[in-house]
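Colleague: The following block contains the structure, expressed as structure tokens.
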Amino acid sequence: MRRKLLCGLSVAAVLATAGAVPTAASADDATTGATAAVDNLDRGLISLRTPTGNFLSWRLLASDPAGVAFNVYRGSTRVNTAPITKGTNFTDTGAPVGASYTVKPVVNGAETASLAAATPTAALAAAYQDVPIQIPSGGTTPDGVAYTYSANDASVGDLDGDGAYEIVLKWDPSNAKDNSQSGYTGPVIIDAYELNGTRMWRLNLGRNIRAGAHYTQFQVFDYDGDGKAEVVLKTADGTTDGTGAVIGSSSADYRNSSGYVLSGPEYLTVFNGQTGKAMATADYVVPRGTVSSWGDSYGNRVDRFLAGTAYINGSYPSIIMARGYYTRSVVVAWDYRNGALTRKWTFDSNSSTNGSAWTGQGNHQLSIADVDGDGKDEIMYGSMAVDDNGSGLWTNGQGHGDAYHVGDLIPSRSGLELFHVDENTTKLAAYMADARTGAIIWSNASCGCDNGRGVSDDIYAGSPGAESWSSAVSGLFNTSGQNIGRKPSSANFVIWWDGDAQRELLDGTHIDKYGTSADTRLLTASDVHSNNGTKATPSLQADILGDWREEVIWPTTDNTRLRIYSTTDSTSISRTSLMQNRMYREAVAWQNTAYNQPPHPSFAIS
């Protein structure tokens, strides 16, 4: 692919450039090309209690043949009158709490053993399930400040290869810091849990990894192809793995009097997902070097980390680790195969082959997408993109931003698009661009302010494709950039929850349905908390159970459980599990990175 530099061009020039470059068609099939299934999943059957009975939901799998239908059994009794062909959900009206269910596939009118039946499951007594978790003991920092722990971001992976997801949870100490804030922090703790609450292992990242949203980005994915997910994150001297073994020196303490860690070795470690054992450790690339070269001398910008997972060769996943975005940006791809970490390439905005056009173009998050349709993923890094081979793909010069969405946002247009919300007071407040070229499709003029939040997704059936909005710009914008009316009440996460093809608004601990006059409350979660301060994000949002609609996980207010909410609305829309769409699965992996963003698949749901 040829590198395309767009920095400094006018919007008109950028649009003219985009017109000369063909874009890839969007993929709407979870079994083709860049969207091939990545997790080998079971049916994920769940049974939730509703006022009228038990609501059942299960996965349609990428391996299912076209036209597959399903029968539902309560015990040994079939409860559906005819095989279910529309949607993979069913309400067993009047059924008792605790009834046990099995779902069996039907092909050409006959139940078949050649496709996986759902493992029997008992009906829950509520529209959510609780996963017991174990709060780490608190402590006291060297300056005498006591701290406790609360459950924070989570991810999922099939850690033991049984076709079901386990949860990997980050515990944050109460004295966690933004990089701009001085002070000691307690260590970051990482746990793995079965959905029944069994703790599989615990990692303690130690005193030399500072706690805060920008320091620890953890990836959960099957990198070596053995059917079991690994856990990958940045480590340091004193990190203790799930077996009790210590990485590096157990006594080293590199914290300075302000609580920052600005010296000492830095590592990248792959942990076994089943045991938490450190399987491979390498020096972290790129090292911090001279702290002031990243934009300040006290340790803020040098320790801004991002992480993701990408199929850069189209065949298997690679680990993406990144450092910096305000000034210098370094993105590194690693493979974990045959028990070893191998660095594939390094993109550095400071290198002689790149130059100043790439400086300061990163975001508080990244996205991973195959934007050119060649089956290989690119790293979408704010107002720039890095090609699958590690070379710069494009930069449009619009600078650093706080929110980022990449997907098939304009279904009538070929290829993928991105919506970028800008923190830079002299740049566009927000813009929609071609994800392959960075060419701007439409934009909101500069607000002269830090535009901190924004969303782009299909939330309104009255306008085709995604609607876009941001906190510092009035109105809601359609795919042409026209203001079509009232802005939603929140600019945070979006979630597929009810039975239609539009996404709903997820903010704090509630879910709302957008309306042109007002939003309608669909769910207010009970006895739970959101995370990450004013960002008010869940621990995780993902399609981890049941049909293609998404679950949301919040910790309970006492941090003793993770509460998983699933929708009990019926739908006639049949969709393969979103987790078997490669781009969506990768998005779930990077969701915990820095300023968390909701996942997007490679296609638009209709």
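Letters for chains follow the order of the structure tokens (A, B, ...), residue numbers begin at 1 for each chain, and ligand numbers begin at 1 in the order shown.
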Write out as a list in words which residues come within 12 Å of Ser292 of chain A when counting only C-alpha atoms, dropping same-chain ones fewer than 4 positions away.
Modeller: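 Residues meeting the cut-off are Leu262, Arg288, Asp296, Ser297, Tyr298, Gly299, Asn300, Arg301, Val302, Asp303, Thr327 and Arg328 of chain A.
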Colleague: Which one is closest to Phe55 of chain A: A:Ala118, A:Cys447, A:Ile544, A:Ala126? Count only C-alpha atoms.
Modeller: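 Residue with the minimum atom-to-atom distance to Phe55 of chain A: A:Ala126.
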Colleague: So how far away is atom CA of Leu205 of chain A from atom CA of Val145 of chain A, in Å?
Modeller: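 Distance reported for this atom pair: 19.2 Å.
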Colleague: Which polymer residues have any atom within 8 Å of an atom of Asp160 of chain A, counting only C-alpha atoms, with same-chain residues fewer than 6 positions away left out, as a CSV table (one decimal) with all heavy atoms, in the first residue's frame?
Modeller:
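The new file result.csv reads:
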chain,number,residue,atom,x,y,z
A,227,GLY,N,-6.2,-22.2,21.3
A,227,GLY,CA,-7.6,-22.3,21.7
A,227,GLY,C,-7.8,-21.7,23.1
A,227,GLY,O,-8.9,-21.7,23.6
A,228,LYS,N,-6.7,-21.2,23.8
A,228,LYS,CA,-6.8,-20.6,25.1
A,228,LYS,C,-6.2,-19.2,25.1
A,228,LYS,O,-5.1,-19.1,24.6
A,228,LYS,CB,-6.1,-21.5,26.1
A,228,LYS,CG,-6.7,-22.9,26.2
A,228,LYS,CD,-5.8,-23.8,27.2
A,228,LYS,CE,-6.3,-25.2,27.2
A,228,LYS,NZ,-5.6,-26.0,28.1
A,229,ALA,N,-6.9,-18.2,25.6
A,229,ALA,CA,-6.5,-16.9,25.5
A,229,ALA,C,-5.3,-16.6,26.5
A,229,ALA,O,-5.3,-17.2,27.6
A,229,ALA,CB,-7.6,-15.9,25.8
A,273,GLY,N,-3.3,-17.8,30.3
A,273,GLY,CA,-4.6,-17.4,30.8
A,273,GLY,C,-5.2,-18.3,31.8
A,273,GLY,O,-6.1,-17.9,32.5
A,274,GLN,N,-4.8,-19.6,31.8
A,274,GLN,CA,-5.4,-20.5,32.7
A,274,GLN,C,-4.7,-20.5,34.1
A,274,GLN,O,-5.4,-20.6,35.1
A,274,GLN,CB,-5.2,-22.0,32.2
A,274,GLN,CG,-6.5,-22.7,32.1
A,274,GLN,CD,-6.3,-24.1,31.5
A,274,GLN,OE1,-5.4,-24.3,30.6
A,274,GLN,NE2,-7.1,-25.0,31.9
Colleague: Please provide as a PyMOL selection string all residues within 10 Å of Gly248 of chain A, with the sequence filter that same-chain residues fewer than 2 positions apart are discarded (counting only C-alpha atoms).
Modeller: chain A and resi 235-240+245-246+250-252+265-267+281
Colleague: Would you put the residues from that selection into a file with N, CA and C atoms, as an mmCIF file, in the first residue's frame?
Modeller:
data_model
loop_
_atom_site.group_PDB
_atom_site.id
_atom_site.type_symbol
_atom_site.label_atom_id
_atom_site.label_comp_id
_atom_site.auth_asym_id
_atom_site.auth_seq_id
_atom_site.Cartn_x
_atom_site.Cartn_y
_atom_site.Cartn_z
ATOM 1 N N THR A 235 4.894 -4.818 32.407
ATOM 2 C CA THR A 235 5.295 -5.202 33.747
ATOM 3 C C THR A 235 6.598 -4.494 34.120
ATOM 4 N N ALA A 236 7.091 -4.785 35.320
ATOM 5 C CA ALA A 236 8.325 -4.159 35.803
ATOM 6 C C ALA A 236 8.922 -5.037 36.889
ATOM 7 N N ASP A 237 10.094 -4.659 37.369
ATOM 8 C CA ASP A 237 10.674 -5.372 38.508
ATOM 9 C C ASP A 237 9.670 -5.409 39.656
ATOM 10 N N GLY A 238 9.466 -6.610 40.203
ATOM 11 C CA GLY A 238 8.551 -6.759 41.330
ATOM 12 C C GLY A 238 7.160 -7.216 40.960
ATOM 13 N N THR A 239 6.852 -7.316 39.678
ATOM 14 C CA THR A 239 5.562 -7.883 39.275
ATOM 15 C C THR A 239 5.532 -9.363 39.654
ATOM 16 N N THR A 240 4.437 -9.789 40.296
ATOM 17 C CA THR A 240 4.282 -11.174 40.722
ATOM 18 C C THR A 240 3.229 -11.858 39.879
ATOM 19 N N ALA A 245 5.599 -16.335 41.267
ATOM 20 C CA ALA A 245 6.941 -16.015 40.790
ATOM 21 C C ALA A 245 7.058 -14.522 40.514
ATOM 22 N N VAL A 246 8.232 -13.956 40.802
ATOM 23 C CA VAL A 246 8.477 -12.526 40.648
ATOM 24 C C VAL A 246 9.291 -12.275 39.390
ATOM 25 N N SER A 250 12.751 -8.382 43.115
ATOM 26 C CA SER A 250 11.626 -8.209 44.043
ATOM 27 C C SER A 250 11.825 -7.031 44.988
ATOM 28 N N SER A 251 13.055 -6.542 45.115
ATOM 29 C CA SER A 251 13.336 -5.466 46.078
ATOM 30 C C SER A 251 13.484 -4.095 45.431
ATOM 31 N N ALA A 252 13.569 -4.037 44.116
ATOM 32 C CA ALA A 252 13.796 -2.754 43.438
ATOM 33 C C ALA A 252 12.625 -1.808 43.652
ATOM 34 N N PRO A 265 14.035 -0.734 34.642
ATOM 35 C CA PRO A 265 13.634 -1.501 33.453
ATOM 36 C C PRO A 265 12.120 -1.579 33.298
ATOM 37 N N GLU A 266 11.686 -1.708 32.056
ATOM 38 C CA GLU A 266 10.272 -1.887 31.720
ATOM 39 C C GLU A 266 10.166 -3.129 30.848
ATOM 40 N N TYR A 267 9.110 -3.914 31.082
ATOM 41 C CA TYR A 267 8.975 -5.176 30.380
ATOM 42 C C TYR A 267 7.599 -5.300 29.728
ATOM 43 N N THR A 281 8.767 -12.859 28.652
ATOM 44 C CA THR A 281 8.977 -11.454 29.015
ATOM 45 C C THR A 281 10.080 -10.871 28.141
#
Colleague: Nearest to Ser367 of chain A among A:Ser100, A:Lys344, A:Arg575, A:His420, with distances taken over only C-alpha atoms: which residue is it?
Modeller: A:His420
Colleague: Compare A:Asn54, A:Thr425, A:Ser470, A:Ser249 by their minimum atom-to-atom distance to Ala491 of chain A, counting only C-alpha atoms, and give me the closest one.
Modeller: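 With only C-alpha atoms as the atom set, the closest residue is A:Ser470.
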Colleague: Quote the spacing between atom CA of Ile564 of chain A and atom CA of Ile459 of chain A in Å to one decimal place.
Modeller: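 For atom CA of Ile564 of chain A relative to atom CA of Ile459 of chain A, the distance reads 22.9 Å.
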Colleague: For Asn389 of chain A, find every residue with an atom within 12 Å (counting only C-alpha atoms), except residues of its own chain fewer than 3 positions away, and show them as a PyMOL selection string.
Modeller: chain A and resi 1-3+310-314+318+331-334+344-347+376-379+385-386+392-393
Colleague: From the set A:Arg202, A:His529, A:Arg43, A:Arg59, which residue has the shortest atom-to-atom contact distance to Gly163 of chain A, counting only C-alpha atoms?
Modeller: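 Ranking A:Arg202, A:His529, A:Arg43, A:Arg59 by distance to Gly163 of chain A, first place goes to A:Arg43.
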Colleague: For the atom pair atom CA of Gly382 of chain A and atom CA of Ser490 of chain A, what is the interatomic distance in Å to one decimal place?
Modeller: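 So the two atoms, atom CA of Gly382 of chain A and atom CA of Ser490 of chain A, lie 21.8 Å apart.
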Colleague: Please return as a list in words: the residues of segment 185-238 of chain A that backbone DSSP assigns to strand (DSSP E).
Modeller: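 Those residues are Ile189, Ile190, Asp191, Ala192, Tyr193, Arg199, Met200, Trp201, Arg202, Leu203, Asn204, Gln219, Val220, Phe221, Glu230, Val231, Val232, Leu233, Lys234, Thr235 and Ala236 of chain A.
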Colleague: With N, CA, C and O atoms kept, could you save the residues just selected as a tab-separated table (two decimals), in the first residue's frame?
Modeller:
chain	number	residue	atom	x	y	z
A	189	ILE	N	-3.78	-4.66	40.66
A	189	ILE	CA	-4.03	-6.09	40.79
A	189	ILE	C	-4.88	-6.55	39.60
A	189	ILE	O	-5.84	-5.88	39.21
A	190	ILE	N	-4.53	-7.70	39.03
A	190	ILE	CA	-5.28	-8.29	37.93
A	190	ILE	C	-5.73	-9.69	38.33
A	190	ILE	O	-4.90	-10.52	38.74
A	191	ASP	N	-7.03	-9.95	38.24
A	191	ASP	CA	-7.60	-11.26	38.56
A	191	ASP	C	-8.24	-11.89	37.33
A	191	ASP	O	-8.66	-11.19	36.40
A	192	ALA	N	-8.38	-13.22	37.38
A	192	ALA	CA	-9.16	-13.95	36.39
A	192	ALA	C	-10.23	-14.76	37.11
A	192	ALA	O	-9.93	-15.42	38.13
A	193	TYR	N	-11.48	-14.72	36.59
A	193	TYR	CA	-12.60	-15.40	37.24
A	193	TYR	C	-13.40	-16.21	36.24
A	193	TYR	O	-13.67	-15.76	35.11
A	199	ARG	N	-11.96	-17.94	41.39
A	199	ARG	CA	-10.80	-17.15	40.98
A	199	ARG	C	-9.73	-18.09	40.47
A	199	ARG	O	-9.29	-19.00	41.17
A	200	MET	N	-9.29	-17.83	39.24
A	200	MET	CA	-8.30	-18.70	38.60
A	200	MET	C	-6.89	-18.31	39.01
A	200	MET	O	-6.02	-19.17	39.19
A	201	TRP	N	-6.62	-17.02	39.12
A	201	TRP	CA	-5.30	-16.53	39.50
A	201	TRP	C	-5.37	-15.04	39.80
A	201	TRP	O	-6.35	-14.37	39.51
A	202	ARG	N	-4.28	-14.53	40.37
A	202	ARG	CA	-4.15	-13.10	40.67
A	202	ARG	C	-2.72	-12.65	40.36
A	202	ARG	O	-1.75	-13.31	40.75
A	203	LEU	N	-2.61	-11.51	39.64
A	203	LEU	CA	-1.32	-10.86	39.40
A	203	LEU	C	-1.23	-9.61	40.25
A	203	LEU	O	-2.21	-8.88	40.41
A	204	ASN	N	-0.04	-9.32	40.76
A	204	ASN	CA	0.24	-8.06	41.44
A	204	ASN	C	1.35	-7.38	40.64
A	204	ASN	O	2.47	-7.88	40.56
A	219	GLN	N	-4.36	-6.78	27.41
A	219	GLN	CA	-4.96	-7.47	26.29
A	219	GLN	C	-5.23	-8.94	26.64
A	219	GLN	O	-4.39	-9.61	27.24
A	220	VAL	N	-6.43	-9.40	26.26
A	220	VAL	CA	-6.82	-10.79	26.50
A	220	VAL	C	-7.22	-11.37	25.15
A	220	VAL	O	-8.23	-10.97	24.57
A	221	PHE	N	-6.43	-12.32	24.65
A	221	PHE	CA	-6.65	-12.85	23.30
A	221	PHE	C	-5.83	-14.13	23.16
A	221	PHE	O	-4.82	-14.31	23.84
A	230	GLU	N	-4.39	-15.78	26.12
A	230	GLU	CA	-3.34	-15.26	27.00
A	230	GLU	C	-3.73	-13.87	27.50
A	230	GLU	O	-4.65	-13.24	26.97
A	231	VAL	N	-2.99	-13.40	28.49
A	231	VAL	CA	-3.15	-12.04	29.01
A	231	VAL	C	-1.81	-11.34	28.87
A	231	VAL	O	-0.78	-11.88	29.29
A	232	VAL	N	-1.80	-10.16	28.28
A	232	VAL	CA	-0.55	-9.45	27.98
A	232	VAL	C	-0.62	-8.05	28.56
A	232	VAL	O	-1.63	-7.34	28.38
A	233	LEU	N	0.44	-7.62	29.22
A	233	LEU	CA	0.50	-6.25	29.74
A	233	LEU	C	1.92	-5.86	30.08
A	233	LEU	O	2.83	-6.68	30.11
A	234	LYS	N	2.08	-4.57	30.32
A	234	LYS	CA	3.39	-4.02	30.69
A	234	LYS	C	3.68	-4.36	32.15
A	234	LYS	O	2.81	-4.23	33.01
A	235	THR	N	4.89	-4.82	32.41
A	235	THR	CA	5.29	-5.20	33.75
A	235	THR	C	6.60	-4.49	34.12
A	235	THR	O	7.15	-3.72	33.33
A	236	ALA	N	7.09	-4.79	35.32
A	236	ALA	CA	8.33	-4.16	35.80
A	236	ALA	C	8.92	-5.04	36.89
A	236	ALA	O	8.32	-6.05	37.30
Colleague: So, counting only C-alpha atoms, which residue among A:Leu428, A:Val107, A:Ala99, A:Ile46 is closest to Tyr128 of chain A?
Modeller: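 The answer is A:Ile46, which sits nearest to Tyr128 of chain A.
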Colleague: Select, from A:Ala95, A:Leu159, A:Leu124, A:Ala536, the residue with the minimum atom-to-atom distance to Glu194 of chain A, counting only C-alpha atoms.
Modeller: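 Closest candidate: A:Leu159.
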Colleague: Just want the 7 Å neighbourhood of Asp253 of chain A, counted on only C-alpha atoms, with same-chain residues fewer than 2 positions away dropped. Output as a VMD selection string.
Modeller: chain A and resid 207 to 208 251 255
Colleague: Keeping N, CA, C and O atoms, export the residues of the selection given above as an mmCIF file, in the first residue's frame.
Modeller:
data_model
loop_
_atom_site.group_PDB
_atom_site.id
_atom_site.type_symbol
_atom_site.label_atom_id
_atom_site.label_comp_id
_atom_site.auth_asym_id
_atom_site.auth_seq_id
_atom_site.Cartn_x
_atom_site.Cartn_y
_atom_site.Cartn_z
ATOM 1 N N ARG A 207 5.220 -2.347 42.889
ATOM 2 C CA ARG A 207 5.396 -0.919 43.186
ATOM 3 C C ARG A 207 5.909 -0.121 41.997
ATOM 4 O O ARG A 207 5.781 1.104 41.975
ATOM 5 N N ASN A 208 6.481 -0.792 40.996
ATOM 6 C CA ASN A 208 7.103 -0.066 39.889
ATOM 7 C C ASN A 208 6.198 0.101 38.663
ATOM 8 O O ASN A 208 6.654 0.533 37.600
ATOM 9 N N SER A 251 13.055 -6.542 45.115
ATOM 10 C CA SER A 251 13.336 -5.466 46.078
ATOM 11 C C SER A 251 13.484 -4.095 45.431
ATOM 12 O O SER A 251 13.512 -3.073 46.132
ATOM 13 N N ARG A 255 10.384 4.337 42.422
ATOM 14 C CA ARG A 255 9.500 5.487 42.613
ATOM 15 C C ARG A 255 10.295 6.694 43.119
ATOM 16 O O ARG A 255 11.141 6.551 44.013
#
